[in-house]
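I have placed the structure first, in the form of structure tokens, so that the comments after it can refer back to it.
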Amino acid sequence: MQEFLQQVLSGIASGGIYASLALALVLIYNAMGLVNFAQGEMAMFATFLAFTLIGRGMDYWIALPLTIAIAFVGGIVIQRVVIRPVERAPVLTLVIVTLGLATLINGLAGFFFGYLPRLFPSPFSVQTIDIFGAAASWQDLGVIAVSGVVLVLVFLMLQRTTVGLAMRAAAHNPEASRLLGIRVSWMLALGWGLASAVGAVSGIMVAPILYLEPNMMQTVIIYAFAAAVLGGIESPLGAVIGGLIVGVTVNLAGTYLPGVGGDLQLAVAFAIIIAVLVIRPNGLLGRRAMRRA
Amino acid sequence: MGPRLAAAAAFLVMAGACGSSSGGTVATDVGITSNQILLGNTISQTGAAAAYGTIANAENAYFTYINSKGGINGRKIKFVILDDAYNPAQTVPLTKQLVEQNQVFAMFSGLGTQDQTSVRDYLNTQKVPQLFVATGATTFGKDFNSNKWTLGWQPPYQGESHIYAKDVLQNHPNAKIGVLYQNDDYGQDYLKGLIDGLGDKASTMIVDKESYDVTSASPASQLAILHAKGADTVFVFAIPKPTIQSLAIITGLHWAPTIYVNSVSNVATYMKLAEKSGAKIDGAISVGYIKDPTDPQWTNDDGMKLYRQVIANCSTCDANNGFNIYGVAVAYTMVDVLTQAGSNLSRANVMKIASSQLNETNPFLLPGITVTTTSGDHFPIMQEQVIQWTGDAWHLQGSIINERGTIK
Amino acid sequence: MRFVGRAPRRYWLIALGVIVFAGLPTQVTSFQSLEWAEVLIFAIVIMGLNLLVGYSGQISLGHGAFMAVGAYTTAILVHRYHVDYLLTIPIAGLLTGLVGFFLGIPALRLSPLYLALATFALAVITPSLIKRPENLTQGTQGILLAPQQPPDWASSLFAGVTGGPAMTSDQWLYYLCFIVAAALFWVAWNIVRRRPGRALMAIRDGEVAAAASGVNVAGYKTLAFGLSAFYAGVAGALYALATGFVSPDTFPVSLSFQLLVGAVIGGLGSIAGPLFGGIFTFWLPIISSQFVQTQDWIPDQVASVFKNAGPAVTYGALLILIMIFAPNGLVGLILSAYARLRSRLRGVGERTTGQLPPDPQTI
């Protein structure tokens, strides 16, 4: 029982990590109907910026908002410089551009910061607490809490503000939005900026646990992608729930399914996710989309 | 010592005869000109294993240093590095390019077990030396007799595990062992060495072994299983990042087993990183064979001073990165072999020296460890020393352990 | 002669292409033949991907996994059961096609994004799945295959034509890949021109409309998956033979990405696209790691970052630049340049939108 609880708890902890990046993926998807494969690398790069600022002596609580602001601007700049020229190209062209962007950013990070893993400071204690005999660290709990806060902010932004409404409108029906006077292109840029900022929060939160190096987010984005899709790619709440489910499933599959073991836990988790998607083709919380005619 | 003296004599004769070594009856081969020796290398500089890419740059830094001192008998080393992204399917055409188009004299320090296995047959058929491959897979020393143009360099992973097995049997005979290992050749080699080393006791002492895949974000789940199975001794056969994570997670589980860390990940910087993330690692055991640039005990060491001078030739190399001193150390052996070959720079002769006549004191390795090959032993480095983490640093324990002859 | 003269321009292009590729090994060195063999292998798998993505509108991020199935089928059959290697190529293709077909059934339920995830997942777990049945796949050790020697007739024919040395195994493999690629391109061309191709494109452009006009949507989509996997399986088999080694690391996630990159860069929905795609998939990483670093004409300020930051930065930047300047792939770029040229010559203000995938029958 204690082992089971431990596996669930550490699965939830990993799930929080996946959820935090999945939120950024959901934002981009809401803004332009696209999965941004460079999201993880952008988050990693922002985290390196924060690391450099803190290393130069800046206080953590000043570096944090500053980095988020830089990431926001950076996301907008990337959208204007790299994405805008291919805005009207087929979706797959955009996907390839984000893949190129991921490779580019990863290489730049390796060039500027090297590949040695670094310890990133955490606002949360490294101590662990006991929950019914199973251990959970304050850092893990902190990641989940921050993801929760980000979730609420993203949700409010998308659902309750004019900007959020305009953003979703621009993504769903660019032509009509243009007629209504929404500056569609800038809405996309805003989406990139916000996703980049949310990604930066994710990177900064998970770096103390995963250790900062250029490939830090590469495994995370695989799970985050799965989490976002499982939850229903348009739903921020779905992303968080999806993340937690993925985290726990991976652990329990590796522990209790006979013959699976740690090396195949990912395979089993994916199999389960795909089975779920076959039954619920739009994800757990996704709205039933109309088939495009 | 005989061949070595002869080589040294040849060197003196060469040097004494005239300033340049271009004249005379010099045995040469493909890739050798009067003023250049061409070496080739494939390594991952992009992708998930890009971190290793710096090794080739460090090797090049040592060659640059040697070239600035006049080269080897007047010949400068030119080193062509190609990126294979850790994918054997790319290693094959790139290696053929180096051999058939660039016409390299030898392949040096190619990285990756699968990658180097993929070109081993080809290079042996072509009789091109595949020297000092950058992997500890046991096959590169063990199967020398069927691949006489291929040689490893670093201590084989299995040999290192034998040392751990001895240490456990001697100091913790009643240990309940849990093993965390990476599910590839590297992790499996370590695991096999441990099982072999424990002998009949392996089945009773090892209570559980759990593998992880490099694509997983954290080994927390596996460690929780080992903990639940009641292990009191943990072997972490993992690359640096999961190792650091493991150390922190173990402490987080309120668990205090005896911990063994493999040499791939035991750089002091990483251990300190783990400590800063809350890991209690006092008493952790590992082995070493190479000097750790971040270890203060070597600050005034001549070898370390030379290393820092050499690595300054590489603008992108971080002097504190353990991979870089590895690169400089293996490049030192390569230069040593070429120097010994003297005027007989044929591929066959260089291979003969490397595989059976090495007896080198390498300034970048721990004192007392030599790089040695004989006609019956083709594992260049087979000595390691147990180290234990106490206070804030590794401390050498006991004497150097020679594993020579234990891997048949 | 009159008949030849009246042949449509695309036949001239095809004839030119065949001559160039058939004559290539006589002009380049043996190992360069191997490089071009890999180009053709990538072209084959990208053609399969193109049939799936470009013609039927389903996305796959997992074609590396299908290549792995084909490659391991050939490697195991040749190494363990000593089956003739030529025979293993169709076996690998059919087996992989069957795998693809069955995976295509659940794929029917998935919208493009979820299909992308499912295939992506397949690519991610392929290396660890390969490691498991160790008796069969030799785990992480990989399977080494001896180079395949050319048959005597080919060898003497080659020596006769070039007047040089006998054919090497790399050159033989090139021709093997060339023949297979030519055959599979011909098959693909016939498929897309005829009923199945029109049905697939109808599905791509609107499933409801396609179904309304009597197209068996589910059947054709699954068929496209199976066919696409067949191409990947054949390419995988050739990959195993050409490199002479298969191991889990041969099929990383990045391979699947590179294949999709190749398909898009070449140009989706065209027959010539995959050939360009193959060229780029193979050469872009090599160009990024070898060419740029050695070019003196690139200004120092630009070059220093690229030179020191290494191949990844160059590769990523090139990819983005190509996509910006050729958003519909190279075939799209060539076609729109050609159209622009023609309209300028004719003085007509006719402009292509650059939006639609190029008409498959044009090239």
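Ligands are numbered from 1 in the order shown, residues from 1 within each chain, and chains are lettered A, B, ... in the order they appear in the structure tokens.
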
Could I get the residues of chain C with an atom no further than 7 Å from an atom of chain B, each paired with its nearest atom pair and that distance in Å to one decimal, using only C-alpha atoms, sorted by chain and residue number, as a Markdown table?
```
| residue | atom | partner | partner_atom | distance |
| --- | --- | --- | --- | --- |
| C:Phe31 | CA | B:Lys96 | CA | 6.1 |
| C:Glu35 | CA | B:Pro93 | CA | 6.4 |
| C:Thr140 | CA | B:Asp185 | CA | 5.5 |
| C:Gln141 | CA | B:Gln114 | CA | 6.6 |
| C:Gly142 | CA | B:Gln114 | CA | 7.0 |
| C:Leu144 | CA | B:Ser118 | CA | 6.9 |
| C:Thr243 | CA | B:Ala89 | CA | 6.0 |
| C:Phe245 | CA | B:Ser118 | CA | 5.5 |
| C:Ser247 | CA | B:Gln114 | CA | 6.8 |
| C:Asp249 | CA | B:Asn87 | CA | 5.6 |
| C:Thr250 | CA | B:Asn87 | CA | 5.2 |
| C:Ser289 | CA | B:Asp83 | CA | 6.4 |
| C:Pro311 | CA | B:Thr46 | CA | 6.6 |
| C:Ala312 | CA | B:Thr46 | CA | 5.5 |
```

Query raised in the report: Could you name the residues that touch Arg183 (chain A) at 10 Å or less, counting only C-alpha atoms, but leaving out those on the same chain fewer than 3 positions away, as a VMD selection string?
Result: chain A and resid 166 to 167 170 174 177 to 180 186 to 188

May I have the selected residues written with C-alpha atoms, as a PDB file, in the first residue's frame?
```pdb
ATOM      1  CA  ALA A 166     -10.427  37.998 -29.663  1.00  0.00           C
ATOM      2  CA  MET A 167      -7.540  35.542 -29.632  1.00  0.00           C
ATOM      3  CA  ALA A 170      -8.779  35.010 -34.569  1.00  0.00           C
ATOM      4  CA  PRO A 174      -9.506  34.690 -39.127  1.00  0.00           C
ATOM      5  CA  SER A 177     -12.393  38.317 -37.091  1.00  0.00           C
ATOM      6  CA  ARG A 178     -10.666  40.640 -39.528  1.00  0.00           C
ATOM      7  CA  LEU A 179     -14.041  41.998 -40.588  1.00  0.00           C
ATOM      8  CA  LEU A 180     -14.849  42.628 -36.947  1.00  0.00           C
ATOM      9  CA  TRP A 186      -1.155  40.596 -33.635  1.00  0.00           C
ATOM     10  CA  MET A 187      -3.479  38.212 -31.858  1.00  0.00           C
ATOM     11  CA  LEU A 188      -1.269  35.367 -33.034  1.00  0.00           C
TER      12      LEU A 188
END
```

Mind listing the strand (DSSP E) residues of region 90-265 of chain A, per DSSP on the backbone, as a short mmCIF file (atom, residue, chain, number, x, y, z; two decimals) with C-alpha atoms, in the first residue's frame?
```cif
data_model
loop_
_atom_site.label_atom_id
_atom_site.label_comp_id
_atom_site.auth_asym_id
_atom_site.auth_seq_id
_atom_site.Cartn_x
_atom_site.Cartn_y
_atom_site.Cartn_z
CA THR A 128 10.19 16.10 1.85
CA ILE A 129 7.07 15.51 3.88
CA ASP A 130 5.29 12.30 4.72
CA ILE A 131 1.82 11.67 3.43
CA ALA A 134 4.85 8.04 1.32
CA ALA A 135 7.27 10.88 0.67
CA ALA A 136 6.55 13.99 -1.37
CA SER A 137 8.93 16.88 -1.80
#
```

Query raised in the report: For Gly100 (chain A), which residue among C:Pro90, C:Gly316, C:Pro165, C:Gly332 is the nearest when counting only C-alpha atoms?
Result: C:Gly316

Report task. When you get a sec, could you note down which chain B residues fall within 9 Å of chain A, using only C-alpha atoms, as an MDAnalysis selection string? Result -> chainID B and resid 46:48 50:52 182:183 210:222 224:225 227:228 240:242 244:245 248 251:254 270 273:274 276:279 316:318 321

Query raised in the report: When the cut-off is 7 Å and we count only C-alpha atoms, which residues of chain C are near chain A, given as an MDAnalysis selection string?
Result: chainID C and resid 106 109:110 114 117:118 121 125 128 206:209 261 264 309 312:313 316:317 319:320 323:324 327 355

Can I get the selected residues back with C-alpha atoms, as a tab-separated table (two decimals), in the first residue's frame?
```
chain	number	residue	atom	x	y	z
C	106	PRO	CA	-7.71	2.71	-35.00
C	109	ARG	CA	-11.13	7.22	-35.30
C	110	LEU	CA	-8.51	9.86	-34.70
C	114	TYR	CA	-4.43	12.81	-32.38
C	117	LEU	CA	0.34	12.02	-31.37
C	118	ALA	CA	-0.28	8.30	-31.86
C	121	ALA	CA	4.32	7.92	-29.67
C	125	ILE	CA	8.97	4.04	-28.08
C	128	SER	CA	12.99	0.65	-26.39
C	206	GLY	CA	-13.32	16.95	-47.64
C	207	GLU	CA	-14.37	13.66	-46.16
C	208	VAL	CA	-18.07	14.35	-46.09
C	209	ALA	CA	-18.15	15.35	-49.74
C	261	VAL	CA	10.73	17.53	-42.87
C	264	VAL	CA	7.32	18.97	-46.62
C	309	ALA	CA	27.60	26.80	-32.42
C	312	ALA	CA	22.31	22.15	-34.95
C	313	VAL	CA	22.13	25.93	-35.34
C	316	GLY	CA	17.63	24.77	-37.76
C	317	ALA	CA	18.29	28.07	-39.48
C	319	LEU	CA	15.17	24.69	-42.28
C	320	ILE	CA	13.39	27.89	-41.30
C	323	MET	CA	10.29	27.08	-45.37
C	324	ILE	CA	10.01	30.86	-45.50
C	327	PRO	CA	6.41	27.35	-48.02
C	355	GLN	CA	-1.64	28.11	-51.51
```

**Report entry** Coordinates-based distance that separates CA of Ala65 (chain C) from CA of His79 (chain C) (Å, one decimal)
**Finding:** 20.5 Å

Requested in this report: With a distance cut-off of 9 Å and only C-alpha atoms, select the neighbouring residues of Ile204 (chain A), excluding the residue or stretch itself and same-chain residues fewer than 3 positions from it, and output the selection as a list in words.
Outcome: Ala43, Met44, Ala46, Thr47, Phe48, Ala50, Phe51, Leu64, Phe120, Pro121, Ser122, Gly199, Ala200, Val201, Ala207 and Pro208 of chain A

Requested in this report: Enumerate, as a list in words, the complete set of residues in region 341-394 of chain B that a backbone-based DSSP assignment places in helix (DSSP H, G or I).
Outcome: Ala341, Arg347, Ala348, Asn349, Val350, Met351, Lys352, Ile353, Ala354, Ser355 and Ser356 of chain B

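For Arg195 (chain C), the non-local neighbours within 12 Å, defined as residues at least 5 positions apart in the same chain or in other chains and counting only C-alpha atoms, are Trp189, Asn190, Leu200, Met201, Ala202, Val215, Asn216 and Tyr220 of chain C.
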
Keeping only N, CA and C atoms, write those residues as a PDB file, in the first residue's frame.
```pdb
ATOM      1  N   TRP C 189       2.938   6.994 -59.026  1.00  0.00           N
ATOM      2  CA  TRP C 189       2.425   7.884 -60.069  1.00  0.00           C
ATOM      3  C   TRP C 189       1.123   7.334 -60.634  1.00  0.00           C
ATOM      4  N   ASN C 190       1.137   6.006 -60.856  1.00  0.00           N
ATOM      5  CA  ASN C 190      -0.074   5.377 -61.387  1.00  0.00           C
ATOM      6  C   ASN C 190      -1.228   5.416 -60.395  1.00  0.00           C
ATOM      7  N   LEU C 200      -8.413   9.363 -52.805  1.00  0.00           N
ATOM      8  CA  LEU C 200      -7.652   9.850 -51.649  1.00  0.00           C
ATOM      9  C   LEU C 200      -7.691  11.364 -51.580  1.00  0.00           C
ATOM     10  N   MET C 201      -7.488  11.998 -52.730  1.00  0.00           N
ATOM     11  CA  MET C 201      -7.462  13.464 -52.722  1.00  0.00           C
ATOM     12  C   MET C 201      -8.839  14.036 -52.382  1.00  0.00           C
ATOM     13  N   ALA C 202      -9.871  13.310 -52.828  1.00  0.00           N
ATOM     14  CA  ALA C 202     -11.215  13.760 -52.478  1.00  0.00           C
ATOM     15  C   ALA C 202     -11.398  13.702 -50.968  1.00  0.00           C
ATOM     16  N   VAL C 215     -17.269   7.533 -52.206  1.00  0.00           N
ATOM     17  CA  VAL C 215     -15.935   7.027 -51.898  1.00  0.00           C
ATOM     18  C   VAL C 215     -15.975   6.290 -50.561  1.00  0.00           C
ATOM     19  N   ASN C 216     -15.384   5.110 -50.527  1.00  0.00           N
ATOM     20  CA  ASN C 216     -15.298   4.352 -49.288  1.00  0.00           C
ATOM     21  C   ASN C 216     -14.191   4.955 -48.430  1.00  0.00           C
ATOM     22  N   TYR C 220     -10.304   3.505 -48.006  1.00  0.00           N
ATOM     23  CA  TYR C 220      -9.192   4.169 -48.663  1.00  0.00           C
ATOM     24  C   TYR C 220      -8.177   4.719 -47.659  1.00  0.00           C
TER      25      TYR C 220
END
```

Requested in this report: Provide the CA of Arg75 (chain B) to CA of Leu338 (chain B) distance in Å, to one decimal place.
Outcome: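 Atom-to-atom, CA of Arg75 (chain B) and CA of Leu338 (chain B) are spaced 10.2 Å apart.
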
**Report entry** Met271 (chain B) surroundings by only C-alpha atoms, 9 Å radius, close-in-sequence under 3 positions cut, as JSON, numbers by chain
**Finding:** {"B": [244, 247, 265, 266, 267, 268, 274, 275, 276, 279, 281, 389, 392, 393]}

Take the selection from the previous step and output its residues with N, CA and C atoms, as an mmCIF file, in the first residue's frame.
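For reference, out28.cif as written:
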```
data_model
loop_
_atom_site.group_PDB
_atom_site.id
_atom_site.type_symbol
_atom_site.label_atom_id
_atom_site.label_comp_id
_atom_site.auth_asym_id
_atom_site.auth_seq_id
_atom_site.Cartn_x
_atom_site.Cartn_y
_atom_site.Cartn_z
ATOM 1 N N ILE B 244 22.278 12.227 -10.734
ATOM 2 C CA ILE B 244 22.060 13.317 -9.785
ATOM 3 C C ILE B 244 20.629 13.248 -9.249
ATOM 4 N N LEU B 247 20.202 10.418 -6.688
ATOM 5 C CA LEU B 247 20.763 10.682 -5.365
ATOM 6 C C LEU B 247 19.800 11.539 -4.547
ATOM 7 N N SER B 265 29.520 9.062 -14.183
ATOM 8 C CA SER B 265 28.779 10.187 -13.611
ATOM 9 C C SER B 265 29.346 10.697 -12.290
ATOM 10 N N ASN B 266 30.593 10.323 -11.962
ATOM 11 C CA ASN B 266 31.043 10.649 -10.603
ATOM 12 C C ASN B 266 31.834 11.946 -10.469
ATOM 13 N N VAL B 267 31.774 12.799 -11.505
ATOM 14 C CA VAL B 267 32.493 14.078 -11.414
ATOM 15 C C VAL B 267 32.037 14.838 -10.155
ATOM 16 N N ALA B 268 32.997 15.421 -9.452
ATOM 17 C CA ALA B 268 32.694 16.058 -8.170
ATOM 18 C C ALA B 268 31.603 17.125 -8.291
ATOM 19 N N ALA B 274 24.088 17.297 -6.442
ATOM 20 C CA ALA B 274 23.133 16.428 -5.752
ATOM 21 C C ALA B 274 23.004 16.843 -4.300
ATOM 22 N N GLU B 275 24.140 17.137 -3.662
ATOM 23 C CA GLU B 275 24.099 17.556 -2.255
ATOM 24 C C GLU B 275 23.262 18.814 -2.101
ATOM 25 N N LYS B 276 23.465 19.758 -3.033
ATOM 26 C CA LYS B 276 22.713 21.002 -2.943
ATOM 27 C C LYS B 276 21.218 20.775 -3.127
ATOM 28 N N ALA B 279 20.458 15.802 -1.416
ATOM 29 C CA ALA B 279 20.898 14.411 -1.295
ATOM 30 C C ALA B 279 21.950 14.269 -0.205
ATOM 31 N N ILE B 281 24.901 12.095 0.566
ATOM 32 C CA ILE B 281 25.677 11.119 -0.182
ATOM 33 C C ILE B 281 26.970 10.761 0.520
ATOM 34 N N TRP B 389 33.087 9.231 -1.184
ATOM 35 C CA TRP B 389 32.716 10.632 -0.970
ATOM 36 C C TRP B 389 32.584 10.888 0.522
ATOM 37 N N ASP B 392 33.397 16.812 1.500
ATOM 38 C CA ASP B 392 32.958 17.525 0.322
ATOM 39 C C ASP B 392 33.696 17.085 -0.930
ATOM 40 N N ALA B 393 34.324 15.915 -0.859
ATOM 41 C CA ALA B 393 35.145 15.514 -2.000
ATOM 42 C C ALA B 393 35.327 14.002 -2.026
#
```

**Report entry** Spatial neighbours of Ala232 (chain C), 9 Å, only C-alpha atoms, chain gap at least 6 places, as an MDAnalysis selection string
**Finding:** chainID C and resid 41:42 44:49 63:70 93 96:97

Please save C-alpha atoms of the selected residues as an mmCIF file, in the first residue's frame.
```cif
data_model
loop_
_atom_site.group_PDB
_atom_site.id
_atom_site.type_symbol
_atom_site.label_atom_id
_atom_site.label_comp_id
_atom_site.auth_asym_id
_atom_site.auth_seq_id
_atom_site.Cartn_x
_atom_site.Cartn_y
_atom_site.Cartn_z
ATOM 1 C CA ILE C 41 16.072 5.210 -49.714
ATOM 2 C CA PHE C 42 14.851 8.397 -48.058
ATOM 3 C CA ILE C 44 11.195 5.974 -51.151
ATOM 4 C CA VAL C 45 10.019 6.354 -47.563
ATOM 5 C CA ILE C 46 9.134 9.995 -48.170
ATOM 6 C CA MET C 47 7.119 8.928 -51.182
ATOM 7 C CA GLY C 48 5.201 6.636 -48.855
ATOM 8 C CA LEU C 49 4.752 9.489 -46.426
ATOM 9 C CA HIS C 63 7.518 6.677 -40.245
ATOM 10 C CA GLY C 64 10.892 5.946 -38.670
ATOM 11 C CA ALA C 65 9.120 3.181 -36.757
ATOM 12 C CA PHE C 66 7.868 1.626 -39.982
ATOM 13 C CA MET C 67 11.366 1.800 -41.408
ATOM 14 C CA ALA C 68 12.565 -0.015 -38.312
ATOM 15 C CA VAL C 69 10.078 -2.842 -38.892
ATOM 16 C CA GLY C 70 11.284 -3.237 -42.465
ATOM 17 C CA GLY C 93 7.602 -4.289 -47.397
ATOM 18 C CA THR C 96 5.394 -3.522 -42.666
ATOM 19 C CA GLY C 97 2.439 -2.775 -44.913
#
```

Report task. Tell me, in Å to one decimal, how far CA of Leu238 (chain C) is from CA of Phe101 (chain C). Result ->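 Computing it gives 20.9 Å between the two atoms.
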
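Distances to Val337 (chain B) were evaluated for B:Leu198, B:Ala284, B:Ile72, B:Leu226 using only C-alpha atoms, and the minimum falls at B:Ile72.
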